[in-house]
Structures are given as structure tokens and as C-alpha cells.
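Student: Let me begin by handing over the structure; questions about it come next.
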Number of protein chains: 2
Amino acid sequence: MINLEGRKRVIIENVQPTINGGQFPVKRVTGQTLKVYADIFADGHDLIAAELLYKKAGDKNFRSVPMKEIVNDRWQGRFTVEQVGNYYYNIRAWIDHFRTWQHDVRKKTEDNQKVAVELQMGAAYLREVAQNAGGYDKKQMLKWTDKLDSGHTDETIALALSEELSEMVDLYEQRPYAATLKQDLVVTVDRSRAIFSSWYELFPRSCGRETEHGTFKDVEAMLADIAKMGFDVLYLPPIHPIGKKHRKGKNNSRTARPDEPGSPWAIGSKEGGHKSIHPQLGTMADFESLVSQTKAHGMEIAMDLAFQCSPDHPYVKEHPEWFKWRPDGTVQFAENPPKKYEDIIPLNFETEKWPQLWAELKSVIDFWIEKGVRIFRVDNPHTKAFPFWQWAIEQTRKNHPDTIFLAEAFTRPKVMHRLAKIGFNQSYTYFTWRNTKHELQEYLTELTKTNLSDYFRPNFWPNTPDIFSEYLQYGGKPAFIIRLILAATLSSNYGIYGPAYELCFSEAFGTKGEYLDSEKFEIKDWDRHAPGNISHIIERTNQIRREHPALQETNNIDFLHIDNDMLLCYIKATEDFSNIILTAVNIDPYHTQSGWVQIPLDKFQIPHDQPYMLHDMLTNDKYIWQGQTNFIELNPHIMPAHVMILHRKLKRETDFDYFM
Amino acid sequence: MINLEGRKRVIIENVQPTINGGQFPVKRVTGQTLKVYADIFADGHDLIAAELLYKKAGDKNFRSVPMKEIVNDRWQGRFTVEQVGNYYYNIRAWIDHFRTWQHDVRKKTEDNQKVAVELQMGAAYLREVAQNAGGYDKKQMLKWTDKLDSGHTDETIALALSEELSEMVDLYEQRPYAATLKQDLVVTVDRSRAIFSSWYELFPRSCGRETEHGTFKDVEAMLADIAKMGFDVLYLPPIHPIGKKHRKGKNNSRTARPDEPGSPWAIGSKEGGHKSIHPQLGTMADFESLVSQTKAHGMEIAMDLAFQCSPDHPYVKEHPEWFKWRPDGTVQFAENPPKKYEDIIPLNFETEKWPQLWAELKSVIDFWIEKGVRIFRVDNPHTKAFPFWQWAIEQTRKNHPDTIFLAEAFTRPKVMHRLAKIGFNQSYTYFTWRNTKHELQEYLTELTKTNLSDYFRPNFWPNTPDIFSEYLQYGGKPAFIIRLILAATLSSNYGIYGPAYELCFSEAFGTKGEYLDSEKFEIKDWDRHAPGNISHIIERTNQIRREHPALQETNNIDFLHIDNDMLLCYIKATEDFSNIILTAVNIDPYHTQSGWVQIPLDKFQIPHDQPYMLHDMLTNDKYIWQGQTNFIELNPHIMPAHVMILHRKLKRETDFDYFM
């Protein structure tokens with residue numbers, strides 16, 4: 001008649017973190033702790049016990065840690081994820097009959113009630129539990145039951161209330177009516193580079209001598225220099241053969257002169273497609289050498305994954321069924337009416353042959369993984385079907401859980417969030433367009449203090465070959481330093497497109513935020529060491545990031561109140577407060593700005609009547625502060641920011657020496 | 001290889017309202033509109049179409065209404081629920097290929113591009129769709145395809161862009177890759193009394209002459225009087241035989257004199273249990289007469305459902321397996337150590353015979369439904385297993401969807417919320433303990449502006465036989481008027497325990513918020529018409545509630561800013577603003593208070609430079625206001641509140657006449 005177990009009284013609900021009710025995994029990196037929260041309660045007044053269950057995918061048995069009530073039926077448990085790959089977790093909760101009994105006995109004896117009958121009831125329960133035990137434990141429990149049955153004495157009460165008893169019951173109690181979540185939840189564990197990475201984007205073809213076509217060998221020659229700046233990911237735009245048909249010329253001109261190189265994103269020619277290398281860059285062996293040399297310099301290569309074709313791509317002839325064809329017999333090029341992109345042919349994800357298309361695209365990923373690549377920067381993932389990415393990333397990570405996919409989707413928020421939910425490990429963001437204090441604080445708060453913080457990992461780029469903000473165009477060198485320091489200290493993942501960045505190149509083409517004479521369409525002859533470059537500041541910034549674990553995560557940010565809208569001030573600290581970094585940035589690239597900042601002394605357990613020291617690692621200046629309110633002044637033409645380590649305890653003698 | 005449909009590109013997520021991700025129904029009453037929101041989007045730039053599907057439980061087919069995008073991929077649709085019972089709803093969304101094509105043709109022609117090829121592509125699509133049609137429609141579509149194929153002319157462009165075409169496509173298009181929610185969502189539809197009800201609680205045994213034991217006949221004699229006060233639910237504490245063993249005496253004394261009547265909640269004696277009537281109240285026929293007489297007065301009876309037993313209850317002997325027995329052979333009475341409730345024996349919901357216990361309890365509900373009862377006030381539902389209530393309410397409402405269950409659970413928030421989720425149609429609240437402006441505004445905001453508003457329906461009680469707040473004990477008559485008006489205008493469901501309330505009875509027993517000489521343990525001889533009673537104010541308040549639909553719901557409340565923490569001011573309006581009620585309450589029962597209130601003129605489309613009228617329906621005073629900021633002053637010893645209808649348009653002549 002009644003199709004359920006009516007005695008299952010405990011409720012578990014509102015579990016956090018979960019993404020779409022458990023449909024998607026949350027994300028962590030190795031060594032991080034996952035804190036799991038849930039509302040756990042039952043009818044009546046019985047005590048409840050709960051445990052957090054977890055296991056690495058492939059493990060047979062769950063491990064368990066007890067959960068504790070925080071307040072108002074909200075419980076918490078935590079476990080640390082040690083290895084890359086997926087972990088499963090669940091919650092189990094039950095009525096703790098034995099401790100409820102202990103609690104009642106305690107209350108009654110405190111009220112001087114006689115509890116001989118209650119002791120018998122406890123004995124009866126213990127006797128039942130003993131049936132599940134054997135050997136010494138069983139004997140011990142039966143001995144205890146006899147004692148409890150012997151009546152109300154100080155000794156029997158003490159025994160009844162002892163932890164020894166309840167812990168023994170924990171070992172052997174059957175809990176047939178325990179509640180669990182219907183479905184295990186999943187946490188995807190990445191290697192730490194997924195949350196802490198410094199990217200440098202570079203066009204290999206611009207690395208040659210003067211305007212000669214650069215090669216992988218030329219890039220190799222630059223590796224030491226890039227590593228010295230402190231980057232750990234070297235991201236290359238597509239390295240494949242470039243189409244000739246409808247090739248774009250200088251400044252995105254619709255026609256190219258015969259000697260113009262075309263956009264690297266117009267992939268494919270008779271020389272090959274997504275598994276081939278543009279001949280002028282070198283050979284496959286050269287690429288493999290670059291991959292290993294990059295590693296030797298403590299960095300790694302990020303490949304561009306742009307799943308689109310030039311009209312000359314071999315796929316167009318070999319797999320016409322993967323494209324849309326027009327009634328006039330031409331293949332459909334990319335367009336966003338009325339705009340046309342004749343050098344790019346999109347793949348048709350609605351083709352009837354989608355399983356074959358998916359398999360081929362996946363084989364492209366596998367191909368480059370085989371060559372040693374583990375990071376993919378995915379071009380416009382939001383113009384390909386979501387189910388494809390979910391499948392491709394899942395399949396890739398089955399064998400290579402150390403693979404990292406960065407989504408280059410500059411589109412509507414929900415689309416960007418979805419890509420992160422279905423597996424992208426990092427995401428480009430709106431950072432480039434967030435300039436005011438209000439915008440930056442609001443955006444960072446959304447990224448780090450909402451559900452997004454569990455699955456969407458921002459990667460902040462002050463510029464890209466496609467995006468060149470007016471702030472940089474008009475703000476001069478201070479603007480470049482400001483946006484660099486903001487990106488590198490607000491977000492633990494960040495990147496720049498160089499050498500345009502370190503040279504503070506500021507000439508725009510038109511009014512839509514694009515570079516003049518963009519490197520996308522021509523070979524550039526940069527002089528990375530030209531006077532006025534900011535490489536040394538980049539180097540210092542990256543060094544500070546490496547030395548300070550507080551800057552190696554993003555979600556730990558807290559903004560401070562400062563009474564000037566041109567000054568942005570925030571603290572990042574490790575959970576144990578062993579590393580506290582206070583950053584203050586003057587976001588006005590023109591004028592000196594000053595203001596009074598409020599330091600949350602109590603949070604960091606800093607006494608209000610004792611000094612503490614801030615050491616600015618950009619300038620090596622030191623400041624002794626005291627109390628909550630302190631003064632900051634930043635001249636953007638000298639240094640528009642402080643990145644300061646906060647020393648909570650001042651050894652007076654030493655520090656005064658320091659100042660002498 | 002790939003176990004999914006890769007061409008299903010549209011995503012539907014973040015559907016609102018949903019309770020626990022769709023695990024529980026949302027609640028509405030007949031005639032209300034359910035607005036459904038969802039994030040709906042796909043990869044790329046194609047246009048999307050979406051529809052909301054809904055049907056009454058038992059209907060074969062879903063009906064559909066189109067959904068519209070509000071902003072940023074958030075869509076909305078709505079449907080009206082007409083009948084009590086459950087409705088199912090779902091969402092269906094797909095790529096609108098044809099309108100995407102129209103959109104592109106429009107953009108290109110606006111850009112003066114030639115679109116002959118595009119017209120052929122549209123024709124091809126239309127030809128395909130025509131295969132699903134027959135008769136005239138098919139012929140028409142094929143005629144259109146011929147025209148589209150004829151080339152780029154003003155006429156063919158006009159045809160291509162016409163709504164006629166896209167609407168025809170809507171009729172016949174196959175949408176094999178449309179997305180839907182995996183699971184239908186449910187809305188439980190109640191009759192309107194579930195959101196708009198005025199309760200009067202009364203002990204029938206106190207309705208006799210002087211201290212003679214009252215009867216149902218005595219209650220019948222009072223019905224006209226209660227109806228005149230404007231109540232529509234008459235709630236009776238348990239009417240069953242009262243146990244003799246361990247019967248409580250005056251003021252909850254552990255021993256009762258032989259002539260003391262005991263607590264009606266100690267249910268069951270040799271005269272019967274939950275399906276019997278306490279002999280001194282009358283017969284079953286008397287009860288049925290009371291039920292029908294109450295109806296005749298436009299009211300209905302609410303029964304108390306207290307699933308617990310006195311030690312004398314027949315269940316104890318007939319079904320010892322439903323109780324807990326102690327090793328000394330006694331049955332376990334209720335306790336919350338160290339407190340003991342010897343006159344009450346709880347049922348053991350962990351009994352192995354729980355299915356039989358559930359069935360018996362359900363039969364109690366059925367029994368009284370058979371006698372004409374449709375409202376149950378459930379005593380302490382939070383001390384019985386949640387699965388029982390979920391099952392019992394669901395089963396009851398299968399045959400009697402007009403049944404209303406009110407949960408009397410004064411316990412932790414999540415437990416109260418859970419009871420509402422699993423089916424209780426109304427819930428007691430913390431209102432009794434919320435006295436300050438901050439507390440009241442915060443609590444009402446939580447109840448009406450969060451997810452709670454979709455399933456938790458508050459019922460506000462200024463007093464109950466168990467709860468007698470210090471505010472009422474010490475605030476005098478103004479306090480009783482204040483709390484009455486707050487309850488009746490903040491919440492569309494409210495109730496009072498009388499005649500203690502209208503007589504402003506203010507004597508407490510001890511310091512724990514209990515009545516002196518509580519009616520729970522003795523028969524009272526109230527003189528309802530004693531001087532100083534506030535029946536006329538109750539009557540006026542209920543009349544105002546009946547006349548003004550804005551007061552017949554709770555979630556429509558908006559608090560106004562007023563610069564005095566002793567004044568609480570709020571507006572309730574119908575969705576079309578045809579009825580706008582402004583309530584202002586002085587929550588200080590001792591002193592006159594005044595302040596300046598801010599009226600949201602723009603929201604109600606009131607011009608800033610024109611007067612509008614407020615008509616206080618409690619006093620019949622009228623005020624002409626103008627602009628946003630207006631003055632309010634309330635003397636609690638005259639009338640501590642305004643309940644005013646806001647007339648947005650002032651007919652000057654008439655109203656000035658009015659004042660003459």
C-alpha cells in the first residue's frame with residue numbers, strides 16, 4: 001500500500017556546493033579542501049548524527065568524516081582532495097538514538113530524577129547492538145549492559161554517560177533508516193595550474209629577424225626571456241597552415257596581397273589542417289622541441305583550439321557533409337549579418353554526421369596531447385554545441401585528467417557560465433571592460449562570493465590581439481601598469497598579449513577597440529627591449545605572485561573600504577593568515593590620488609593599540625601603521641599601486657633597525 | 001559510441017519557481033497566475049523559441065503558451081490555474097531556424113545585399129516543412145516556395161519577412177531536437193481560503209451558561225455573533241473524550257480535582273478516541289448540525305488534529321505496538337527532559353507496524369471529512385515523521401483537494417519550512433514574537449520576497465491558548481488593537497483566540513508567556529460584551545479585509561520608508577493597482593508617534609504635482625496628500641493605526657464637497 005520506508009525520518013537538503021542541483025561537478029585543485037554544507041534535521045527532538053562520505057573515482061569504498069552542526073540545522077563537513085581526477089561525495093545522516101538516550105539521562109539526573117528504568121532501556125539498546133559485534137567488544141558491551149541493569153548509582157550513571165559507550169555503539173550500530181542523497185555529487189580535481197597561472201601570448205611568426213617569418217626555433221631563443229618575466233604558460237595562436245582563398249590582408253582588409261600571411265585563425269590549406277603545422281613555422285619535430293624546451297624553462301605551451309576552417313581546409317573536400325552548402329553550390333562561410341567572414345567556414349554541428357565530426361575533433365585534441373600539450377585555449381567555444389564540449393572534455397580528461405581547457409567565450413553571462421559548468425577549467429572574463437572601482441568590486445564579488453566561485457575560474461587579460469581597451473589606448477604607461485597589477489592581483493589566473501603589452505603599444509585602428517596594424521594579419525618586428533618597456537614591473541609582479549600563496553587563489557579576495565573612488569584596495573590571505581597581501585591601486589592613470597583605508601584588524605587579530613608593518617614589494621618601501629584607519633597616496637607616474645605584505649607582529653628592534 | 005543526441009543545442013536551466021529543484025510542488029490558489037521563469041539559450045547566434053506547457057492532473061494533453069525573453073537569456077511565461085488540485089508544467093525550447101533565416105534576410109537587405117540565394121534556402125526549408133502539412137496549407141506553402149525561388153524582388157522580400165510565413169511554419173515544423181525539462185514540475189492549487197482566511201478560536205466548553213459545561217448547541221447560539229465580527233473559520237480545540245489518568249488541573253497542576261475537566265489535548269478515554277465526541281459537548285448529530293449551521297453563517301469549522309493519546313485512549317490497549325513501552329511495563333509518556341507530560345502518550349512513528357498506524361491516522365482524517373470538515377489545524381506536526389504527513393496530505397487531497405491543513409509547528413525554521421514543502425497549506429509563524437519595526441519588516445520580507453512565498457503560507461496569530469506575549473500583557477487595550485491590525489493587514493491569513501482577545505484579557509501565569517487560569521485546564525465564563533471589548537474594531541477590520549482584494553494576499557506587501565522606528569507603514573496593492581491599501585501602525589502602545597512617510601508615487605503612476613486622497617476606513621477620516629513625503633501621526637489611545645484606501649485620482653469637486 002505505501003511504497004516507501006516510513007521510518008526514514010532524517011532530511012538532508014540544501015546541499016552546498018552543488019551546481020544545477022548536482023548535475024555538474026564543482027571544481028577544486030589538488031590539496032584543496034572541499035567544505036560541504038547541508039541542512040540536516042528530523043521531526044521531534046532526537047539528536048542527529050551525520051557523516052560526509054567521499055572517494056576518488058575508481059576507489060571501491062567511501063571514506064567518511066563526521067559532519068558537525070554549525071547553527072540552525074546547518075551542518076558542515078570537509079575533506080581534502082589529493083589527486084587529479086573526479087571524487088564522489090555524499091552525506092549520510094541518522095537519528096542518534098543512543099546519544100539521545102544519554103542526553104535524556106543527563107538531563108533527568110541533573111534534575112535529581114531516578115533513572116533506573118532509563119538505564120534498563122539503555123542496556124536493552126546496547127544489548128541489541130552487541131549482537132552485531134564479536135570477541136572482546138561484544139563481551140565488553142554485555143558487561144556494560146549488566147552494570148546498567150544493576151540500578152541507579154553514581155557509577156552506573158557515569159558509565160551511561162561515558163563517551164566510551166557511545167563510541168562503541170557507533171562501531172556496531174545498524175542504521176537501516178539512515179538518509180543519504182539519492183545521487184553522489186562530484187568534484188573535479190585539477191592540477192594547481194588551473195587556479196594559478198600566468199600566461200604570455202605571442203605570435204611565433206613575429207619572432208623572426210626584422211619582418212622575416214619567425215619559426216619555432218626563434219621562439220625557443222626567446223624562452224629564457226619570457227621565463228625571466230615570470231610567466232608559466234606560453235600561449236600560441238593557431239600554428240596550422242593558413243588558407244589562401246579569401247585570405248584577409250592588413251587591418252582585416254578583404255583582399256590580401258600575395259605576400260601577406262593571413263590570419264592564423266583561417267585554418268587549413270593544401271598543406272594540411274588542424275593536425276598540421278604551418279610550414280614556415282617549422283616541422284613537427286621543431287614543435288616537439290619547443291614543447292620540451294618550454295618545459296625545461298619551467299613553462300608549458302598552450303595550444304589554440306579553433307574548430308573552424310578556411311575554404312581551403314582539407315575537411316571541406318573530404319567531409320562536405322560537415323558543412324552547410326548553399327543552393328548555388330558554395331559552402332557557407334561565417335557571418336553575423338550583415339557582417340561576413342569569408343576566410344572562415346564554420347563546422348555544422350547540426351549535421352547528421354555529428355558523431356563522426358565529434359570523433360574527428362576529439363582526435364585533434366588527442367593528436368596534440370600526444371605531442372605533449374596539456375593546455376588548450378579554445379577559440380569561441382560558444383559557437384559550437386555545448387554537448388560536444390561536455391563530451392570532448394570528459395573523454396579527454398578520462399585519460400589525461402591534467403588537461404586544462406580555457407574557454408575564450410566573450411559572450412552573454414549565462415553562456416559563459418554554462419561552458420564552465422560543462423567542463424572548461426578556466427574562462428576568459430569581462431575584466432577587460434571593467435574599469436571603475438564599482439565595476440571591479442561588483443564583478444569580483446560576483447565571481448568569488450557566489451555559486452560561480454565553485455565552477456567558473458576567471459582568467460584576467462588586460463589585452464588580447466582582439467581586445468584593446470580605450471583605457472589602455474589613452475592612459476599611457478601608467479594605464480598598462482595599473483591593468484597589469486589589477487589582473488595579476490585580483491585574479492590568480494591572468495595573461496597578457498605581448499610584446500605589445502610590455503611595450504605599452506597604444507595605437508588603435510578605428511573606434512572598436514582593435515589594434516592598428518594588428519598582428520593577426522601581418523608579421524610584426526617588435527623590439528621587446530625598447531626604452532620605456534615595463535618588463536621589469538611584470539617580472540616583479542610575477543615574482544611576488546610566486547612568493548605569496550595568498551595571491552595564488554582568487555576566491556579569497558576581500559575589498560576594503562577606502563574613501564576615494566579612484567583607489568581600489570583589497571586583501572588576500574591564506575586561510576591560516578600566515579600570508580596576508582594588501583593591494584592598493586590608483587585606477588586613475590593621470591593624477592595622484594590619496595585616501596583613508598579601513599583595515600579589518602579584528603578579522604586578522606591585530607590589536608588596535610599595536611603597530612603592524614606593510615612592506616610594499618613593488619618598491620621595497622615599508623610603512624608602520626596602527627589602528628584601523630590609515631592613509632594611502634599613489635602617484636601613477638611613479639608607481640600606481642602598492643602590493644604589500646602585511647606583517648601582523650612587529651619586532652620593534654629589528655624593524656627600527658630596518659628603517660635606519 | 002556517443003549515448004546522447006548531439007544536436008540538442010538548447011539549454012533550459014534555473015527554472016523558477018521550483019522547490020528543492022522540483023522535488024515539491026509550488027502552491028497557488030484558483031484564479032491565480034503562475035509566472036514561470038527560466039534561463040534559455042543555445043550556442044551561437046540563432047534565435048530561440050520557447051513555450052510553457054501546462055495541464056491539470058488527469059488531462060491528457062498539455063496546453064502551451066509562448067514564453068518571452070525578458071533580458072539576458074531570462075525567459076518568462078505564465079498560465080492561470082482555474083481548478084483545485086495539481087497542475088503539471090514544463091518548458092519546451094528549440095532553435096527557431098525559420099525566424100533566424102528571416103532575421104538574416106532582413107539584416108542583409110537593410111545592408112543592400114542581394115539575397116536570391118538566401119531566398120532559395122528559405123524556400124527549401126519551407127518545402128520541407130510543407131511535407132508535414134496537407135490540404136490548403138500545404139498548397140499555400142508550396143506556392144510560397146515557388147515565389148521565393150523566383151529571385152530577389154521587393155515582393156519576394158516582403159513575403160520572406162512576413163509573419164504569415166513564420167506562423168505557418170510554427171504550425172507544421174518538426175522539432176526533433178527541442179529541449180524540455182526532464183521532469184514535469186507541479187503546482188498545487190488550493191481554494192482561495194488557503195490564502196485568505198480569518199480564524200476565530202474558541203473553547204466550546206466555555207460557551208455554556210456561567211461555568212456550566214458548554215455544548216455544540218451553545219456554540220451554535222454564538223455563531224451569528226462570530227459571523228458578525230467577520231470571521232470565516234471557527235477553530236475548535238479537540239472535541240474528543242478527555243483522559244482521566246494523570247489529568248492536569250488548574251494552571252497545569254499535576255493533580256486534578258475530580259470536577260476539573262482536563263486538557264482537551266489529552267485525547268481518549270473509555271468513551272472513545274479520535275473518532276468520538278466528548279459526551280458533555282453533545283452527540284455526533286449535534287456536531288454535524290454545528291458544521292452545517294456554521295456553513296449557513298458563511299463560515300466553516302476547523303478541527304484540531306492532535307495525534308497523541310491520553311493514557312486512557314482505547315489505542316493504548318488495542319494497539320500497544322504503536323507505543324513505546326518501558327521495562328517496568330508502563331507506557332512511555334511525553335517528555336522533554338527534564339519536563340514530563342504525564343497526561344499525553346506519543347505515538348511511536350518508528351514502530352514496525354507503522355503502515356497500520358498511518359492507515360488508522362488517515363482514517364481519522366477521512367472520518368471527519370465524512371462529517372463535513374475540510375479544514376484541519378494540526379497540533380505539533382513537527383513531532384511526527386515528515387513522510388507520514390506527506391503521504392497523508394497527498395492521499396487526502398486526492399479525493400478532497402479542497403482540504404486545508406494548517407501546521408501548528410512552533411519550532412526551528414527549516415522544520416517549519418519542510419512541513420510546508422510536504423503539503424501543509426498554511427503555517428503558524430513567529431509573528432507572535434516579532435514586535436519591533438525591524439523584526440516585522442525583516443520577517444515579512446523573508447516570508448514574501450524569498451522562495452518561501454511559493455510554498456509557505458503564513459497565518460498570523462497575536463495570541464493562542466498557549467502563547468500570550470508580554471507585549472499584550474503590558475500594552476493594554478492599544479496593544480490588542482495594534483497586534484490585531486498588524487496580523488490582519490500584514491498577513492491575509494490570521495486568527496485570534498477569543499474571547500480572551502476581544503476582552504483584552506491581560507493576566508499572565510508565571511513569566512513564560514502563559515495565560516493565568518488558562519482555559520486549557522478549566523471552563524471559563526467569558527462575558528463577550530463586557531465594556532472595553534474591541535469587537536467593533538475586529539468587525540471593522542474584517543470588513544475592510546473583505547472589501548479590499550489587496551488585503552486578500554500576503555506576498556504583495558511593500559514597506560514604505562518612514563522616519564520613526566515606532567511607525568510601521570506598508571502598501572498592498574492588486575496587480576493592476578485597482579485597489580491600493582496603505583496601512584500605518586504605531587507599534588508603541590503608550591505614546592503618540594509621528595513621522596514623514598515616503599510614497600512611491602512613480603510606481604503607482606501618481607503625478608508629483610497633483611493631490612491624491614487617502615481614506616482611513618477605521619475612522620472614516622480622509623486626507624488629501626501631494627508629493628512623495630507626507631505626515632502621519634497616530635495616538636494609540638484614540639486609534640493606533642490607519643488602514644487607508646489610496647485614491648490615485650481626485651475628483652476635486654466631489655471631494656471638496658465631501659469635506660464640507
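Ligands are numbered from 1 in the order shown, residues from 1 within each chain, and chains are lettered A, B, ... in the order they appear in the C-alpha cells.
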Give me the residues near Arg326 (chain A) as a ChimeraX atom specification, where near means some atom within 9 Å (using only C-alpha atoms) and where sequence neighbours in that chain fewer than 6 positions away do not count.

Tutor: /A:332 /B:117-118,120-121

Student: With chain A as the partner and 6 Å as the cut-off, tabulate the residues of chain B that qualify, each row holding the nearest pair of atoms and their distance in Å to one decimal, using only C-alpha atoms, sorted by chain and rising number, as JSON lines.

Tutor:
{"residue": "B:Gly6", "atom": "CA", "partner": "A:Pro387", "partner_atom": "CA", "distance": 6.0}
{"residue": "B:Arg7", "atom": "CA", "partner": "A:Glu350", "partner_atom": "CA", "distance": 5.4}
{"residue": "B:Arg9", "atom": "CA", "partner": "A:Ala385", "partner_atom": "CA", "distance": 5.7}
{"residue": "B:Asp43", "atom": "CA", "partner": "A:His382", "partner_atom": "CA", "distance": 5.1}
{"residue": "B:Gly44", "atom": "CA", "partner": "A:Thr383", "partner_atom": "CA", "distance": 4.2}
{"residue": "B:Asp104", "atom": "CA", "partner": "A:Pro337", "partner_atom": "CA", "distance": 5.7}
{"residue": "B:Lys107", "atom": "CA", "partner": "A:Pro338", "partner_atom": "CA", "distance": 5.5}
{"residue": "B:Lys108", "atom": "CA", "partner": "A:Pro338", "partner_atom": "CA", "distance": 5.1}
{"residue": "B:Pro337", "atom": "CA", "partner": "A:Asp104", "partner_atom": "CA", "distance": 5.7}
{"residue": "B:Pro338", "atom": "CA", "partner": "A:Lys108", "partner_atom": "CA", "distance": 5.1}
{"residue": "B:Glu350", "atom": "CA", "partner": "A:Arg7", "partner_atom": "CA", "distance": 5.4}
{"residue": "B:His382", "atom": "CA", "partner": "A:Asp43", "partner_atom": "CA", "distance": 5.1}
{"residue": "B:Thr383", "atom": "CA", "partner": "A:Gly44", "partner_atom": "CA", "distance": 4.2}
{"residue": "B:Lys384", "atom": "CA", "partner": "A:Asp43", "partner_atom": "CA", "distance": 6.0}
{"residue": "B:Ala385", "atom": "CA", "partner": "A:Asp43", "partner_atom": "CA", "distance": 5.7}
{"residue": "B:Pro387", "atom": "CA", "partner": "A:Gly6", "partner_atom": "CA", "distance": 6.0}

Student: Let's have the selection written as a compact mmCIF listing (two decimals), in the first residue's frame, with all heavy atoms.

Tutor:
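Below is the file result.txt, written as the result:
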# COMPACT_ATOMS: atom_id res chain seq x y z
N GLY B 6 23.39 14.67 -30.01
CA GLY B 6 24.35 15.78 -30.08
C GLY B 6 23.77 17.04 -30.68
O GLY B 6 24.36 18.11 -30.57
N ARG B 7 22.62 16.92 -31.33
CA ARG B 7 22.05 18.10 -31.99
C ARG B 7 21.09 18.88 -31.10
O ARG B 7 20.52 19.86 -31.51
CB ARG B 7 21.36 17.69 -33.29
CG ARG B 7 22.36 17.32 -34.39
CD ARG B 7 21.70 16.60 -35.54
NE ARG B 7 21.35 15.23 -35.17
CZ ARG B 7 20.88 14.33 -36.03
NH1 ARG B 7 20.66 14.66 -37.30
NH2 ARG B 7 20.60 13.11 -35.63
N ARG B 9 20.69 21.43 -28.92
CA ARG B 9 21.60 22.53 -28.59
C ARG B 9 21.06 23.50 -27.55
O ARG B 9 21.82 24.27 -26.98
CB ARG B 9 21.92 23.31 -29.87
CG ARG B 9 22.75 22.54 -30.89
CD ARG B 9 22.76 23.27 -32.24
NE ARG B 9 23.07 24.68 -32.07
CZ ARG B 9 22.72 25.64 -32.94
NH1 ARG B 9 22.05 25.32 -34.03
NH2 ARG B 9 23.03 26.89 -32.71
N ASP B 43 24.18 27.69 -28.00
CA ASP B 43 25.42 28.20 -28.57
C ASP B 43 25.08 29.10 -29.77
O ASP B 43 23.98 29.01 -30.33
CB ASP B 43 26.28 27.03 -29.03
CG ASP B 43 25.62 26.23 -30.12
OD1 ASP B 43 24.77 25.36 -29.80
OD2 ASP B 43 25.91 26.47 -31.30
N GLY B 44 26.03 29.92 -30.14
CA GLY B 44 25.90 30.69 -31.37
C GLY B 44 24.88 31.81 -31.30
O GLY B 44 24.54 32.29 -30.22
N ASP B 104 18.13 37.13 -40.68
CA ASP B 104 19.32 37.33 -41.51
C ASP B 104 18.97 38.00 -42.83
O ASP B 104 19.69 38.88 -43.30
CB ASP B 104 20.02 35.99 -41.77
CG ASP B 104 20.68 35.44 -40.50
OD1 ASP B 104 20.66 36.15 -39.47
OD2 ASP B 104 21.20 34.31 -40.54
N LYS B 107 18.45 41.70 -42.16
CA LYS B 107 19.71 42.43 -41.95
C LYS B 107 20.45 42.63 -43.27
O LYS B 107 21.01 43.69 -43.53
CB LYS B 107 20.62 41.64 -40.99
CG LYS B 107 20.13 41.65 -39.56
CD LYS B 107 20.45 42.99 -38.91
CE LYS B 107 19.80 43.09 -37.54
NZ LYS B 107 19.84 44.47 -37.02
N LYS B 108 20.45 41.60 -44.09
CA LYS B 108 21.22 41.70 -45.35
C LYS B 108 20.54 42.67 -46.32
O LYS B 108 21.23 43.44 -47.00
CB LYS B 108 21.35 40.32 -45.99
CG LYS B 108 22.32 39.41 -45.24
CD LYS B 108 22.37 38.01 -45.84
CE LYS B 108 23.33 37.13 -45.04
NZ LYS B 108 23.37 35.75 -45.57
N PRO B 337 13.03 16.09 28.49
CA PRO B 337 13.72 16.06 29.79
C PRO B 337 14.36 17.41 30.15
O PRO B 337 14.95 18.04 29.28
CB PRO B 337 14.81 15.00 29.57
CG PRO B 337 14.28 14.11 28.51
CD PRO B 337 13.45 14.99 27.63
N PRO B 338 14.24 17.87 31.39
CA PRO B 338 13.62 17.10 32.48
C PRO B 338 12.10 17.25 32.57
O PRO B 338 11.50 16.71 33.49
CB PRO B 338 14.29 17.74 33.71
CG PRO B 338 14.54 19.16 33.32
CD PRO B 338 14.84 19.13 31.86
N GLU B 350 8.27 5.09 14.85
CA GLU B 350 9.29 4.12 14.44
C GLU B 350 8.82 2.68 14.68
O GLU B 350 9.59 1.75 14.54
CB GLU B 350 10.59 4.39 15.19
CG GLU B 350 11.28 5.65 14.68
CD GLU B 350 12.68 5.85 15.27
OE1 GLU B 350 12.93 5.33 16.37
OE2 GLU B 350 13.49 6.54 14.62
N HIS B 382 5.36 18.70 13.86
CA HIS B 382 6.81 18.51 13.79
C HIS B 382 7.30 17.46 14.76
O HIS B 382 8.49 17.17 14.79
CB HIS B 382 7.53 19.83 14.06
CG HIS B 382 7.21 20.42 15.40
ND1 HIS B 382 5.95 20.88 15.70
CD2 HIS B 382 7.96 20.64 16.50
CE1 HIS B 382 5.96 21.37 16.94
NE2 HIS B 382 7.16 21.21 17.44
N THR B 383 6.39 16.86 15.55
CA THR B 383 6.82 15.74 16.39
C THR B 383 6.34 14.40 15.82
O THR B 383 6.39 13.38 16.49
CB THR B 383 6.32 15.91 17.84
OG1 THR B 383 4.90 16.00 17.82
CG2 THR B 383 6.89 17.18 18.47
N LYS B 384 5.88 14.44 14.58
CA LYS B 384 5.54 13.20 13.87
C LYS B 384 6.40 13.16 12.60
O LYS B 384 6.77 14.20 12.06
CB LYS B 384 4.06 13.18 13.49
CG LYS B 384 3.11 12.96 14.67
CD LYS B 384 2.62 14.26 15.27
CE LYS B 384 2.03 14.06 16.66
NZ LYS B 384 1.76 15.37 17.34
N ALA B 385 6.64 11.94 12.10
CA ALA B 385 7.57 11.80 10.96
C ALA B 385 7.06 12.55 9.73
O ALA B 385 5.89 12.47 9.37
CB ALA B 385 7.76 10.32 10.65
N PRO B 387 7.51 11.90 6.55
CA PRO B 387 6.93 11.09 5.45
C PRO B 387 5.45 10.78 5.69
O PRO B 387 4.68 10.67 4.75
CB PRO B 387 7.76 9.80 5.45
CG PRO B 387 9.04 10.17 6.14
CD PRO B 387 8.68 11.24 7.13

Student: Using DSSP on the backbone coordinates, identify all residues within region 365-497 of chain A classified as helix (DSSP H, G or I); present the result as a count of residues only.

Tutor: 73

Student: I need the residue nearest Gly262 (chain A) from this list: A:Ile344, A:Leu472, A:Val643, A:Val597. Use only C-alpha atoms for the distance.

Tutor: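 When distances to Gly262 (chain A) are compared using only C-alpha atoms, the smallest one comes from A:Ile344.
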
Student: Closest to Met168 (chain A) among A:Gln140, A:Ser276, A:Thr156, A:Asn620, using only C-alpha atoms?

Tutor: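 Among the listed residues, the smallest separation from Met168 (chain A) belongs to A:Gln140.
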
Student: Using only C-alpha atoms, determine which residues lie at most 9 Å from Arg483 (chain A), disregarding the query and same-chain residues fewer than 6 positions distant; provide the list as a PyMOL selection string.

Tutor: chain A and resi 432+435+461-462+471-472+587

Student: At a cut-off of 7 Å, using only C-alpha atoms, what residues contact region 519-530 of chain B? Leave out same-chain residues fewer than 3 positions from it and give the result as a ChimeraX atom specification.

Tutor: /B:205-206,210-211,213,248-252,260-264,465,499,503,533

Student: From the options B:Thr574, B:Pro640, B:Phe333, B:Gln473, which residue's atoms come nearest to Leu486 (chain B), counting only C-alpha atoms?

Tutor: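 Closest to Leu486 (chain B) of all the choices is B:Pro640.
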